[in-house]
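> The structure file entry08.pdb (PDB, C-alpha atoms) is provided below.
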```pdb
ATOM      1  CA  MET A   1    -101.869  -1.655 143.390  1.00  0.00           C
ATOM      2  CA  ARG A   2    -101.759   1.305 141.003  1.00  0.00           C
ATOM      3  CA  SER A   3     -99.631   0.721 137.914  1.00  0.00           C
ATOM      4  CA  LEU A   4     -96.785   3.226 137.578  1.00  0.00           C
ATOM      5  CA  LYS A   5     -96.861   3.401 133.793  1.00  0.00           C
ATOM      6  CA  ASN A   6     -99.297   2.563 131.054  1.00  0.00           C
ATOM      7  CA  ALA A   7     -98.290   0.933 127.783  1.00  0.00           C
ATOM      8  CA  GLU A   8     -97.157   4.248 126.274  1.00  0.00           C
ATOM      9  CA  GLY A   9     -95.588   6.037 129.222  1.00  0.00           C
ATOM     10  CA  LEU A  10     -96.538   7.700 132.480  1.00  0.00           C
ATOM     11  CA  GLN A  11     -99.939   7.477 134.123  1.00  0.00           C
ATOM     12  CA  PRO A  12    -102.260  10.322 133.067  1.00  0.00           C
ATOM     13  CA  HIS A  13    -104.015  10.806 136.434  1.00  0.00           C
ATOM     14  CA  PHE A  14    -103.875   9.963 140.131  1.00  0.00           C
ATOM     15  CA  TYR A  15    -107.239  11.468 141.146  1.00  0.00           C
ATOM     16  CA  ASN A  16    -109.605  10.228 138.474  1.00  0.00           C
ATOM     17  CA  GLY A  17    -112.549  12.548 137.936  1.00  0.00           C
ATOM     18  CA  LYS A  18    -110.951  15.561 139.630  1.00  0.00           C
ATOM     19  CA  VAL A  19    -109.176  18.581 138.186  1.00  0.00           C
ATOM     20  CA  GLU A  20    -105.671  17.637 139.230  1.00  0.00           C
ATOM     21  CA  ALA A  21    -102.529  19.797 139.338  1.00  0.00           C
ATOM     22  CA  GLY A  22     -99.074  18.268 139.381  1.00  0.00           C
ATOM     23  CA  CYS A  23     -96.271  20.126 141.197  1.00  0.00           C
ATOM     24  CA  ASP A  24     -92.503  19.824 141.204  1.00  0.00           C
ATOM     25  CA  GLU A  25     -89.505  22.026 141.952  1.00  0.00           C
ATOM     26  CA  ALA A  26     -86.027  22.629 140.560  1.00  0.00           C
ATOM     27  CA  GLY A  27     -82.878  23.947 142.184  1.00  0.00           C
ATOM     28  CA  ARG A  28     -83.255  22.635 145.703  1.00  0.00           C
ATOM     29  CA  GLY A  29     -79.694  21.318 145.915  1.00  0.00           C
ATOM     30  CA  CYS A  30     -78.008  24.353 144.356  1.00  0.00           C
ATOM     31  CA  LEU A  31     -75.573  26.700 146.072  1.00  0.00           C
ATOM     32  CA  ALA A  32     -76.870  29.731 144.185  1.00  0.00           C
ATOM     33  CA  GLY A  33     -79.991  31.034 142.561  1.00  0.00           C
ATOM     34  CA  ALA A  34     -83.683  30.912 143.289  1.00  0.00           C
ATOM     35  CA  VAL A  35     -85.701  27.737 143.669  1.00  0.00           C
ATOM     36  CA  TYR A  36     -88.381  27.363 140.996  1.00  0.00           C
ATOM     37  CA  ALA A  37     -91.566  25.307 141.149  1.00  0.00           C
ATOM     38  CA  ALA A  38     -94.266  24.654 138.586  1.00  0.00           C
ATOM     39  CA  ALA A  39     -97.884  23.584 138.739  1.00  0.00           C
ATOM     40  CA  VAL A  40     -99.551  22.027 135.709  1.00  0.00           C
ATOM     41  CA  ILE A  41    -103.112  20.939 134.959  1.00  0.00           C
ATOM     42  CA  LEU A  42    -103.341  18.705 131.897  1.00  0.00           C
ATOM     43  CA  PRO A  43    -106.515  17.908 129.926  1.00  0.00           C
ATOM     44  CA  ASP A  44    -108.485  14.853 131.051  1.00  0.00           C
ATOM     45  CA  ASP A  45    -107.724  12.947 127.862  1.00  0.00           C
ATOM     46  CA  TYR A  46    -104.107  14.086 127.573  1.00  0.00           C
ATOM     47  CA  ASP A  47    -101.411  11.485 127.008  1.00  0.00           C
ATOM     48  CA  ASN A  48     -97.950  12.493 125.873  1.00  0.00           C
ATOM     49  CA  PRO A  49     -95.664   9.427 125.819  1.00  0.00           C
ATOM     50  CA  ARG A  50     -92.534  11.611 125.724  1.00  0.00           C
ATOM     51  CA  LEU A  51     -93.163  13.110 129.154  1.00  0.00           C
ATOM     52  CA  ASN A  52     -90.741  11.971 131.833  1.00  0.00           C
ATOM     53  CA  ASP A  53     -88.707  13.187 134.768  1.00  0.00           C
ATOM     54  CA  SER A  54     -86.793  16.204 133.443  1.00  0.00           C
ATOM     55  CA  LYS A  55     -83.510  14.729 134.711  1.00  0.00           C
ATOM     56  CA  GLN A  56     -83.975  11.776 132.353  1.00  0.00           C
ATOM     57  CA  LEU A  57     -84.354  13.983 129.274  1.00  0.00           C
ATOM     58  CA  SER A  58     -81.825  15.790 127.127  1.00  0.00           C
ATOM     59  CA  GLU A  59     -81.815  19.577 127.181  1.00  0.00           C
ATOM     60  CA  GLN A  60     -83.187  19.707 123.645  1.00  0.00           C
ATOM     61  CA  VAL A  61     -86.099  17.382 124.497  1.00  0.00           C
ATOM     62  CA  ARG A  62     -86.886  19.320 127.678  1.00  0.00           C
ATOM     63  CA  TYR A  63     -87.279  22.551 125.717  1.00  0.00           C
ATOM     64  CA  GLU A  64     -89.321  20.852 122.999  1.00  0.00           C
ATOM     65  CA  LEU A  65     -91.633  19.431 125.660  1.00  0.00           C
ATOM     66  CA  ARG A  66     -91.895  22.802 127.391  1.00  0.00           C
ATOM     67  CA  GLU A  67     -93.475  24.234 124.266  1.00  0.00           C
ATOM     68  CA  GLU A  68     -95.865  21.280 124.046  1.00  0.00           C
ATOM     69  CA  ILE A  69     -96.858  21.617 127.718  1.00  0.00           C
ATOM     70  CA  ILE A  70     -97.445  25.367 127.426  1.00  0.00           C
ATOM     71  CA  ARG A  71     -99.521  24.788 124.290  1.00  0.00           C
ATOM     72  CA  ASP A  72    -101.580  21.872 125.601  1.00  0.00           C
ATOM     73  CA  ALA A  73    -102.037  22.456 129.345  1.00  0.00           C
ATOM     74  CA  VAL A  74    -105.377  23.549 130.741  1.00  0.00           C
ATOM     75  CA  ALA A  75    -103.339  25.811 133.027  1.00  0.00           C
ATOM     76  CA  TRP A  76     -99.726  26.157 134.117  1.00  0.00           C
ATOM     77  CA  ALA A  77     -97.677  28.518 136.255  1.00  0.00           C
ATOM     78  CA  VAL A  78     -94.229  28.917 137.799  1.00  0.00           C
ATOM     79  CA  GLY A  79     -93.464  30.109 141.335  1.00  0.00           C
ATOM     80  CA  ILE A  80     -90.113  31.458 142.529  1.00  0.00           C
ATOM     81  CA  VAL A  81     -88.398  31.906 145.897  1.00  0.00           C
ATOM     82  CA  ASP A  82     -85.188  33.934 145.794  1.00  0.00           C
ATOM     83  CA  PRO A  83     -81.944  33.141 147.650  1.00  0.00           C
ATOM     84  CA  LYS A  84     -82.572  35.592 150.517  1.00  0.00           C
ATOM     85  CA  GLU A  85     -85.958  34.010 151.145  1.00  0.00           C
ATOM     86  CA  ILE A  86     -84.377  30.555 151.019  1.00  0.00           C
ATOM     87  CA  ASP A  87     -81.923  31.602 153.736  1.00  0.00           C
ATOM     88  CA  LYS A  88     -84.789  32.935 155.825  1.00  0.00           C
ATOM     89  CA  LEU A  89     -87.206  30.034 155.370  1.00  0.00           C
ATOM     90  CA  ASN A  90     -84.862  27.037 154.806  1.00  0.00           C
ATOM     91  CA  ILE A  91     -84.861  25.219 151.481  1.00  0.00           C
ATOM     92  CA  LEU A  92     -87.635  22.739 152.282  1.00  0.00           C
ATOM     93  CA  ARG A  93     -90.138  25.432 153.235  1.00  0.00           C
ATOM     94  CA  ALA A  94     -88.919  27.568 150.329  1.00  0.00           C
ATOM     95  CA  SER A  95     -89.675  24.724 147.899  1.00  0.00           C
ATOM     96  CA  PHE A  96     -93.220  24.419 149.230  1.00  0.00           C
ATOM     97  CA  THR A  97     -93.633  28.201 149.111  1.00  0.00           C
ATOM     98  CA  ALA A  98     -92.585  28.194 145.452  1.00  0.00           C
ATOM     99  CA  MET A  99     -95.179  25.487 144.759  1.00  0.00           C
ATOM    100  CA  HIS A 100     -97.855  27.521 146.555  1.00  0.00           C
ATOM    101  CA  ARG A 101     -96.936  30.575 144.485  1.00  0.00           C
ATOM    102  CA  ALA A 102     -97.265  28.549 141.295  1.00  0.00           C
ATOM    103  CA  LEU A 103    -100.657  27.249 142.421  1.00  0.00           C
ATOM    104  CA  ASP A 104    -101.760  30.795 143.270  1.00  0.00           C
ATOM    105  CA  GLN A 105    -101.232  31.795 139.641  1.00  0.00           C
ATOM    106  CA  LEU A 106    -103.186  28.983 137.973  1.00  0.00           C
ATOM    107  CA  THR A 107    -106.062  30.330 135.901  1.00  0.00           C
ATOM    108  CA  VAL A 108    -108.088  27.187 136.655  1.00  0.00           C
ATOM    109  CA  ARG A 109    -108.561  26.110 140.268  1.00  0.00           C
ATOM    110  CA  PRO A 110    -107.491  22.511 140.875  1.00  0.00           C
ATOM    111  CA  GLU A 111    -109.584  20.127 142.941  1.00  0.00           C
ATOM    112  CA  ALA A 112    -106.627  17.969 144.005  1.00  0.00           C
ATOM    113  CA  LEU A 113    -102.824  18.082 143.963  1.00  0.00           C
ATOM    114  CA  ILE A 114    -100.105  15.553 143.278  1.00  0.00           C
ATOM    115  CA  ILE A 115     -96.682  16.526 144.583  1.00  0.00           C
ATOM    116  CA  ASP A 116     -93.276  15.090 143.765  1.00  0.00           C
ATOM    117  CA  GLY A 117     -91.559  13.891 146.937  1.00  0.00           C
ATOM    118  CA  ASN A 118     -92.678  12.752 150.372  1.00  0.00           C
ATOM    119  CA  ARG A 119     -93.625  16.007 152.125  1.00  0.00           C
ATOM    120  CA  PHE A 120     -95.791  19.047 151.459  1.00  0.00           C
ATOM    121  CA  ILE A 121     -97.439  21.945 153.281  1.00  0.00           C
ATOM    122  CA  PRO A 122    -101.209  21.764 152.635  1.00  0.00           C
ATOM    123  CA  TYR A 123    -102.599  24.305 150.202  1.00  0.00           C
ATOM    124  CA  GLN A 124    -106.010  25.939 150.694  1.00  0.00           C
ATOM    125  CA  GLY A 125    -107.587  22.781 152.050  1.00  0.00           C
ATOM    126  CA  LEU A 126    -107.193  20.845 148.789  1.00  0.00           C
ATOM    127  CA  PRO A 127    -106.664  17.080 148.956  1.00  0.00           C
ATOM    128  CA  TYR A 128    -103.144  16.112 147.950  1.00  0.00           C
ATOM    129  CA  SER A 129    -100.845  13.137 147.590  1.00  0.00           C
ATOM    130  CA  THR A 130     -97.064  13.148 147.828  1.00  0.00           C
ATOM    131  CA  ILE A 131     -95.451  10.686 145.453  1.00  0.00           C
ATOM    132  CA  VAL A 132     -91.782   9.706 145.667  1.00  0.00           C
ATOM    133  CA  LYS A 133     -90.279   9.942 142.186  1.00  0.00           C
ATOM    134  CA  GLY A 134     -93.655  11.208 141.033  1.00  0.00           C
ATOM    135  CA  ASP A 135     -92.004  12.935 138.074  1.00  0.00           C
ATOM    136  CA  SER A 136     -91.296   9.498 136.604  1.00  0.00           C
ATOM    137  CA  LYS A 137     -94.803   8.177 137.342  1.00  0.00           C
ATOM    138  CA  TYR A 138     -97.434  10.835 136.554  1.00  0.00           C
ATOM    139  CA  GLN A 139     -97.635  13.101 133.539  1.00  0.00           C
ATOM    140  CA  ALA A 140     -98.693  16.292 135.332  1.00  0.00           C
ATOM    141  CA  ILE A 141     -95.755  16.031 137.747  1.00  0.00           C
ATOM    142  CA  ALA A 142     -93.368  15.275 134.877  1.00  0.00           C
ATOM    143  CA  ALA A 143     -94.710  18.318 133.038  1.00  0.00           C
ATOM    144  CA  ALA A 144     -94.185  20.450 136.148  1.00  0.00           C
ATOM    145  CA  SER A 145     -90.632  19.153 136.509  1.00  0.00           C
ATOM    146  CA  ILE A 146     -89.865  20.148 132.914  1.00  0.00           C
ATOM    147  CA  LEU A 147     -91.262  23.658 133.313  1.00  0.00           C
ATOM    148  CA  ALA A 148     -89.507  24.251 136.633  1.00  0.00           C
ATOM    149  CA  LYS A 149     -86.197  22.948 135.277  1.00  0.00           C
ATOM    150  CA  THR A 150     -86.204  24.837 131.979  1.00  0.00           C
ATOM    151  CA  PHE A 151     -87.383  28.173 133.361  1.00  0.00           C
ATOM    152  CA  ARG A 152     -84.817  27.942 136.133  1.00  0.00           C
ATOM    153  CA  ASP A 153     -82.075  27.047 133.640  1.00  0.00           C
ATOM    154  CA  ASP A 154     -82.987  30.147 131.623  1.00  0.00           C
ATOM    155  CA  TYR A 155     -82.686  32.255 134.780  1.00  0.00           C
ATOM    156  CA  MET A 156     -79.311  30.766 135.735  1.00  0.00           C
ATOM    157  CA  CYS A 157     -77.938  31.463 132.251  1.00  0.00           C
ATOM    158  CA  ARG A 158     -79.092  35.088 132.542  1.00  0.00           C
ATOM    159  CA  ILE A 159     -77.390  35.677 135.888  1.00  0.00           C
ATOM    160  CA  ALA A 160     -74.286  33.837 134.653  1.00  0.00           C
ATOM    161  CA  GLU A 161     -73.713  36.827 132.384  1.00  0.00           C
ATOM    162  CA  GLU A 162     -73.362  39.009 135.492  1.00  0.00           C
ATOM    163  CA  TYR A 163     -71.039  36.586 137.294  1.00  0.00           C
ATOM    164  CA  PRO A 164     -69.229  34.480 134.651  1.00  0.00           C
ATOM    165  CA  TRP A 165     -66.585  33.046 136.966  1.00  0.00           C
ATOM    166  CA  TYR A 166     -68.986  30.608 138.672  1.00  0.00           C
ATOM    167  CA  ASP A 167     -69.797  28.715 135.436  1.00  0.00           C
ATOM    168  CA  TRP A 168     -73.536  28.887 136.152  1.00  0.00           C
ATOM    169  CA  GLN A 169     -74.387  28.582 132.469  1.00  0.00           C
ATOM    170  CA  THR A 170     -73.088  24.990 132.744  1.00  0.00           C
ATOM    171  CA  ASN A 171     -73.635  23.921 136.361  1.00  0.00           C
ATOM    172  CA  LYS A 172     -76.871  25.926 136.930  1.00  0.00           C
ATOM    173  CA  GLY A 173     -75.767  26.700 140.481  1.00  0.00           C
ATOM    174  CA  TYR A 174     -75.033  23.150 141.608  1.00  0.00           C
ATOM    175  CA  PRO A 175     -71.905  22.445 143.699  1.00  0.00           C
ATOM    176  CA  THR A 176     -69.386  21.588 140.997  1.00  0.00           C
ATOM    177  CA  LYS A 177     -65.631  21.933 141.345  1.00  0.00           C
ATOM    178  CA  LYS A 178     -65.575  24.970 139.033  1.00  0.00           C
ATOM    179  CA  HIS A 179     -68.405  26.670 140.919  1.00  0.00           C
ATOM    180  CA  ARG A 180     -66.640  26.252 144.257  1.00  0.00           C
ATOM    181  CA  GLU A 181     -63.336  27.371 142.780  1.00  0.00           C
ATOM    182  CA  GLY A 182     -65.091  30.553 141.611  1.00  0.00           C
ATOM    183  CA  ILE A 183     -66.280  31.157 145.174  1.00  0.00           C
ATOM    184  CA  ARG A 184     -62.753  30.653 146.544  1.00  0.00           C
ATOM    185  CA  LEU A 185     -61.256  33.085 144.048  1.00  0.00           C
ATOM    186  CA  HIS A 186     -63.998  35.729 143.825  1.00  0.00           C
ATOM    187  CA  GLY A 187     -66.050  35.326 146.974  1.00  0.00           C
ATOM    188  CA  VAL A 188     -69.828  35.060 147.061  1.00  0.00           C
ATOM    189  CA  SER A 189     -72.387  36.844 144.910  1.00  0.00           C
ATOM    190  CA  PRO A 190     -75.794  38.281 145.845  1.00  0.00           C
ATOM    191  CA  TYR A 191     -77.293  35.127 144.339  1.00  0.00           C
ATOM    192  CA  HIS A 192     -75.562  32.684 146.667  1.00  0.00           C
ATOM    193  CA  ARG A 193     -77.450  30.975 149.485  1.00  0.00           C
ATOM    194  CA  MET A 194     -75.634  32.147 152.569  1.00  0.00           C
ATOM    195  CA  SER A 195     -77.131  29.473 154.818  1.00  0.00           C
ATOM    196  CA  TYR A 196     -75.395  26.794 152.719  1.00  0.00           C
ATOM    197  CA  ASN A 197     -71.970  25.174 153.042  1.00  0.00           C
ATOM    198  CA  LEU A 198     -70.722  26.807 149.852  1.00  0.00           C
ATOM    199  CA  LEU A 199     -67.148  25.535 149.849  1.00  0.00           C
ATOM    200  CA  GLY A 200     -67.920  21.997 150.985  1.00  0.00           C
ATOM    201  CA  ASP A 201     -65.688  22.415 154.016  1.00  0.00           C
ATOM    202  CA  GLY A 202     -68.387  22.179 156.671  1.00  0.00           C
ATOM    203  CA  GLN A 203     -68.507  25.959 157.194  1.00  0.00           C
ATOM    204  CA  LEU A 204     -71.706  27.862 156.463  1.00  0.00           C
ATOM    205  CA  ALA A 205     -71.330  30.881 154.209  1.00  0.00           C
ATOM    206  CA  LEU A 206     -72.896  32.986 156.976  1.00  0.00           C
ATOM    207  CA  ASP A 207     -69.692  32.399 158.953  1.00  0.00           C
ATOM    208  CA  PHE A 208     -67.347  33.647 156.216  1.00  0.00           C
TER     209      PHE A 208
END
```
Will you turn the file into structure tokens for me?

Amino acid sequence: MRSLKNAEGLQPHFYNGKVEAGCDEAGRGCLAGAVYAAAVILPDDYDNPRLNDSKQLSEQVRYELREEIIRDAVAWAVGIVDPKEIDKLNILRASFTAMHRALDQLTVRPEALIIDGNRFIPYQGLPYSTIVKGDSKYQAIAAASILAKTFRDDYMCRIAEEYPWYDWQTNKGYPTKKHREGIRLHGVSPYHRMSYNLLGDGQLALDF
């Protein structure tokens, strides 16, 4: 059975001997904003013991690691699917589309993919493995989770300046009490996902 972690941290590779890209997304459970995904190829001999699931790291450490990943990666890219596309595709397909868009932008073609989660839409015939909680097991997926999270957080803070009453700079679009109160008082924005139950009352925003 494959060990989940080495002595210093996460496993460096799943597909030994192949150019491997790790993929993860951020923003799937949000009420507003785009979903972001990242793809990262790390060097064969790379081992950064600080890498971990972005949700387990402080904001400061995430941004420090982003700079390290950008500096050290063989290739990296971020893909985005906006709220209107999410409503059209559904969030699961939108997440995979964002991953595909990130993979499309890599300057080095991967030979295999490792994906956080338990489902994926195949990409250009490449072998892939889905790994539940992969962002806490493999460095390339952890790196992708950090890039997706931090670039999406930057985006949510930017659009929060347009619509300050939803508190996006704090909640990043997730369904907090303050976010939903902003929707009740001010209605929806162009960044909200209209196929979602925005108020938590069982009613889809499309039915407002």
> Take the PyMOL selection byres ((chain A and resi 149) around 9), run it mentally on this structure, and tell me the resulting residues as a ChimeraX atom specification.
/A:25-27,36-38,54-55,62,144-148,150-154
> Quote the spacing between atom CA of A:Val19 and atom CA of A:Arg109 in Å to one decimal place.
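Separation between atom CA of A:Val19 and atom CA of A:Arg109: 7.8 Å.
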> Which residues are near A:Phe96? Cut-off 9 Å, all atoms listed in the file, ignore same chain within fewer than 2 positions. Put them as a tab-separated table (two decimals) with C-alpha atoms, in the frame of the given file.

```tsv
chain	number	residue	atom	x	y	z
A	25	GLU	CA	-89.50	22.03	141.95
A	37	ALA	CA	-91.57	25.31	141.15
A	91	ILE	CA	-84.86	25.22	151.48
A	92	LEU	CA	-87.64	22.74	152.28
A	93	ARG	CA	-90.14	25.43	153.24
A	94	ALA	CA	-88.92	27.57	150.33
A	98	ALA	CA	-92.58	28.19	145.45
A	99	MET	CA	-95.18	25.49	144.76
A	100	HIS	CA	-97.86	27.52	146.56
A	101	ARG	CA	-96.94	30.58	144.49
A	119	ARG	CA	-93.62	16.01	152.12
A	120	PHE	CA	-95.79	19.05	151.46
A	121	ILE	CA	-97.44	21.94	153.28
```
> Rounded to one decimal in Å, what is the spacing between atom CA of A:Thr97 and atom CA of A:Ser129?
16.8 Å
> For the atom pair atom CA of A:Asp201 and atom CA of A:His179, what is the interatomic distance in Å to one decimal place?
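Between atom CA of A:Asp201 and atom CA of A:His179 the gap works out to 14.0 Å.
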> Which residues are near stretch 72-88 of chain A? Cut-off 7 Å, all atoms listed in the file, ignore same chain within fewer than 4 positions. Put them as a compact mmCIF listing (two decimals) with C-alpha atoms, in the frame of the given file.

```txt
# COMPACT_ATOMS: atom_id res chain seq x y z
CA GLY A 33 -79.99 31.03 142.56
CA ALA A 34 -83.68 30.91 143.29
CA VAL A 35 -85.70 27.74 143.67
CA TYR A 36 -88.38 27.36 141.00
CA ALA A 37 -91.57 25.31 141.15
CA ALA A 38 -94.27 24.65 138.59
CA ALA A 39 -97.88 23.58 138.74
CA VAL A 40 -99.55 22.03 135.71
CA ILE A 41 -103.11 20.94 134.96
CA LEU A 42 -103.34 18.70 131.90
CA PRO A 43 -106.52 17.91 129.93
CA GLU A 68 -95.86 21.28 124.05
CA ALA A 94 -88.92 27.57 150.33
CA ALA A 98 -92.58 28.19 145.45
CA MET A 99 -95.18 25.49 144.76
CA ARG A 101 -96.94 30.58 144.49
CA ALA A 102 -97.26 28.55 141.29
CA LEU A 103 -100.66 27.25 142.42
CA GLN A 105 -101.23 31.80 139.64
CA LEU A 106 -103.19 28.98 137.97
CA THR A 107 -106.06 30.33 135.90
CA VAL A 108 -108.09 27.19 136.66
CA ALA A 148 -89.51 24.25 136.63
CA TYR A 191 -77.29 35.13 144.34
CA HIS A 192 -75.56 32.68 146.67
CA ARG A 193 -77.45 30.98 149.49
CA MET A 194 -75.63 32.15 152.57
CA SER A 195 -77.13 29.47 154.82
```
> Need the shell around stretch 197-199 of chain A: protein/DNA/RNA residues with any atom at most 12 Å away, counting all atoms listed in the file. Skip same-chain ones fewer than 5 positions apart. Format as a ChimeraX atom specification?
/A:29-32,87,166,173-185,187-189,191-192,204-208
> For stretch 66-84 of chain A, I'd like the enclosing box, axis-aligned and padded by 3 Å on every side, reported as AutoDock Vina command-line options with centre and edge lengths in Å to one decimal.

```
--center_x -93.7 --center_y 28.4 --center_z 137.3 --size_x 29.4 --size_y 20.3 --size_z 32.5
```
> Out of A:Tyr128, A:Trp165, A:Phe14, A:Tyr138, which residue has the shortest atom-to-atom distance to A:Asn52 when counting only C-alpha atoms?
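Among the listed residues, the smallest separation from A:Asn52 belongs to A:Tyr138.
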> Which residue out of A:Pro122, A:Leu89, A:Ser58, A:Glu111 has the minimum interatomic distance to A:Asn16 when all atoms listed in the file are used?
A:Glu111
> Enumerate, as a VMD selection string, the residues matched when the PyMOL selection byres ((chain A and resi 112) around 8) is run on the file above.
chain A and resid 15 18 to 21 110 to 111 113 to 114 126 to 128
> Which one is closest to A:Leu10: A:Glu59, A:Asp135, A:Asp45, A:Asp167? Count only C-alpha atoms.
A:Asp135
